[in-house]
Amino acid sequence: MTQPFVTTTIRGTLYDYPKYYDLVFGVGSSAECDGCFDRHADRRVRRLFEPACGSGRLFVKFADRGFQVFGYDLNRASVDYCNDRFKRRGLPRSAIFGDIVEVSLPSKVDAAFNMISSFQLLPTERAAENHLRSMAANVAKGGVYILGLHLKPSRGAPIHSERWAATRGRLSVVSRIWTKQTHSRQREVLCGMISDIRTPRAFVRIIAELRFRTYSASQIQRLFDKVDEFQPVATYDFTYDLMNPISVGPETPDVVYVLHRR
Ligand SMILES: C[S@@+](CC[C@H](N)C(=O)[O-])C[C@H]1O[C@@H](n2cnc3c(N)ncnc32)[C@H](O)[C@@H]1O
């Protein structure tokens, strides 16, 4: 007897389903950070930390290449998913359930990276500043923190929607993210996110909302100025082309900052 096709709608977050998150956002490569480590760190980079590591899509790739890695995340399903990946590789459980506002690693790392705007999930200026301070306490001198974020352009149109799609075998995931509301005074953008997961037997729709804190180029610079231990030494766009560092201005839409630990 053929099984019925099941359709389900879930109001929640894709972070609770790291297998699907990992498929649809798993296009990035760990190689993009390496050049930044080589060029900007004054120490050999072997030990890495990813705050808000999510499903571990990036930091597992670093582990595969021989780096010692640690991650922090506040989503239990993601932390368990990461650690299961490490277990399958015979590596220690390296993802820690914890808030990136107060990071406390067993020992300092040589470099850290936080690539796709997770930093902007920190809801307040104080949380962001505390995050940077605790990162500075956990990155060894001469090391780097690579921080990617979407800036709020003071002129020109901000990006209003993104679509991500990926297929593996008979599983496909499509995620759409769009701006629902902008609260300029509170420096907050409310985004809708719908993820459609299809297999031959089922269709699952996950409906989520995400709140991002916004930063203009000058607002993020003012925040960096408060944390003396980190000096911004280079800026790139999301292509990480090290031959083409960018200058950040009022219209820059997204940027990767290299923060050097003094
Ligand atoms: C967009 S995902 C990014 C995951 C991963 N960095 C990547 O590049 O795929 C954002 C992650 O941030 C985590 N997160 C949000 N706020 C956090 C906090 N205060 N402390 C730790 N993790 C947090 C979420 O649970 C989620 O897994």
# chains A, B, ... in the order shown; residues from 1 in each chain; ligands from 1
$ select_by_dssp --residues "segment 120-191 of chain A" --states "alpha helix (DSSP H)" --output "list of chain:residue names"
A:Glu125, A:Arg126, A:Ala127, A:Ala128, A:Glu129, A:Asn130, A:His131, A:Leu132, A:Arg133, A:Ser134, A:Met135, A:Ala136, A:Ala137, A:Asn138
$ closest_atom_pairs --of "chain A" --to "ligand 1" --cutoff "7 Å" --atoms "only C-alpha atoms and all ligand atoms" --output "JSON lines"
{"residue": "A:Tyr15", "atom": "CA", "partner": "ligand 1", "partner_atom_place_in_ligand_line": "27 (O)", "distance": 5.5}
{"residue": "A:Phe25", "atom": "CA", "partner": "ligand 1", "partner_atom_place_in_ligand_line": "9 (O)", "distance": 6.5}
{"residue": "A:Glu50", "atom": "CA", "partner": "ligand 1", "partner_atom_place_in_ligand_line": "6 (N)", "distance": 6.9}
{"residue": "A:Pro51", "atom": "CA", "partner": "ligand 1", "partner_atom_place_in_ligand_line": "21 (C)", "distance": 6.4}
{"residue": "A:Ala52", "atom": "CA", "partner": "ligand 1", "partner_atom_place_in_ligand_line": "22 (N)", "distance": 3.9}
{"residue": "A:Cys53", "atom": "CA", "partner": "ligand 1", "partner_atom_place_in_ligand_line": "6 (N)", "distance": 4.0}
{"residue": "A:Gly54", "atom": "CA", "partner": "ligand 1", "partner_atom_place_in_ligand_line": "27 (O)", "distance": 3.4}
{"residue": "A:Ser55", "atom": "CA", "partner": "ligand 1", "partner_atom_place_in_ligand_line": "4 (C)", "distance": 6.3}
{"residue": "A:Gly56", "atom": "CA", "partner": "ligand 1", "partner_atom_place_in_ligand_line": "5 (C)", "distance": 6.3}
{"residue": "A:Arg57", "atom": "CA", "partner": "ligand 1", "partner_atom_place_in_ligand_line": "9 (O)", "distance": 5.6}
{"residue": "A:Leu58", "atom": "CA", "partner": "ligand 1", "partner_atom_place_in_ligand_line": "8 (O)", "distance": 6.4}
{"residue": "A:Tyr72", "atom": "CA", "partner": "ligand 1", "partner_atom_place_in_ligand_line": "21 (C)", "distance": 5.7}
{"residue": "A:Asp73", "atom": "CA", "partner": "ligand 1", "partner_atom_place_in_ligand_line": "22 (N)", "distance": 3.6}
{"residue": "A:Leu74", "atom": "CA", "partner": "ligand 1", "partner_atom_place_in_ligand_line": "22 (N)", "distance": 4.2}
{"residue": "A:Asn75", "atom": "CA", "partner": "ligand 1", "partner_atom_place_in_ligand_line": "25 (O)", "distance": 4.3}
{"residue": "A:Ser78", "atom": "CA", "partner": "ligand 1", "partner_atom_place_in_ligand_line": "27 (O)", "distance": 6.3}
{"residue": "A:Gly98", "atom": "CA", "partner": "ligand 1", "partner_atom_place_in_ligand_line": "21 (C)", "distance": 5.7}
{"residue": "A:Asp99", "atom": "CA", "partner": "ligand 1", "partner_atom_place_in_ligand_line": "20 (N)", "distance": 3.5}
{"residue": "A:Ile100", "atom": "CA", "partner": "ligand 1", "partner_atom_place_in_ligand_line": "20 (N)", "distance": 4.0}
{"residue": "A:Val101", "atom": "CA", "partner": "ligand 1", "partner_atom_place_in_ligand_line": "19 (N)", "distance": 5.9}
{"residue": "A:Asn114", "atom": "CA", "partner": "ligand 1", "partner_atom_place_in_ligand_line": "6 (N)", "distance": 5.9}
{"residue": "A:Met115", "atom": "CA", "partner": "ligand 1", "partner_atom_place_in_ligand_line": "8 (O)", "distance": 5.5}
{"residue": "A:Ile116", "atom": "CA", "partner": "ligand 1", "partner_atom_place_in_ligand_line": "8 (O)", "distance": 5.3}
{"residue": "A:Ser117", "atom": "CA", "partner": "ligand 1", "partner_atom_place_in_ligand_line": "1 (C)", "distance": 6.7}
{"residue": "A:Ser118", "atom": "CA", "partner": "ligand 1", "partner_atom_place_in_ligand_line": "10 (C)", "distance": 4.7}
{"residue": "A:Leu121", "atom": "CA", "partner": "ligand 1", "partner_atom_place_in_ligand_line": "16 (N)", "distance": 5.4}
{"residue": "A:Leu122", "atom": "CA", "partner": "ligand 1", "partner_atom_place_in_ligand_line": "19 (N)", "distance": 5.8}
$ closest_residue --among "A:Lys19, A:Lys141, A:Arg76, A:Arg126" --to "His260 of chain A" --atoms "only C-alpha atoms"
A:Lys141
$ closest_residue --among "A:Gly148, A:Gly192, A:Gly249, A:Pro18" --to "Ala77 of chain A" --atoms "only C-alpha atoms"
A:Pro18
$ closest_residue --among "A:Val256, A:Ile96, A:Leu14, A:Val27" --to "Trp164 of chain A" --atoms "only C-alpha atoms"
A:Val27
$ atom_distance --atom1 "atom CA of Ile10 of chain A" --atom2 "atom CA of Thr179 of chain A"
20.1 Å
$ closest_residue --among "A:Arg44, A:Lys108, A:Arg170, A:Lys226" --to "Glu129 of chain A" --atoms "only C-alpha atoms"
A:Lys226
$ select_by_dssp --residues "segment 20-252 of chain A" --states "strand (DSSP E)" --output "VMD selection string"
chain A and resid 47 to 51 68 to 73 95 to 97 109 to 114 139 to 150 161 to 168 171 to 183 188 to 198 202 to 213 230 to 236
$ closest_residue --among "A:Gln231, A:Ser216, A:Gln3, A:Gln68" --to "Arg93 of chain A" --atoms "only C-alpha atoms"
A:Gln68
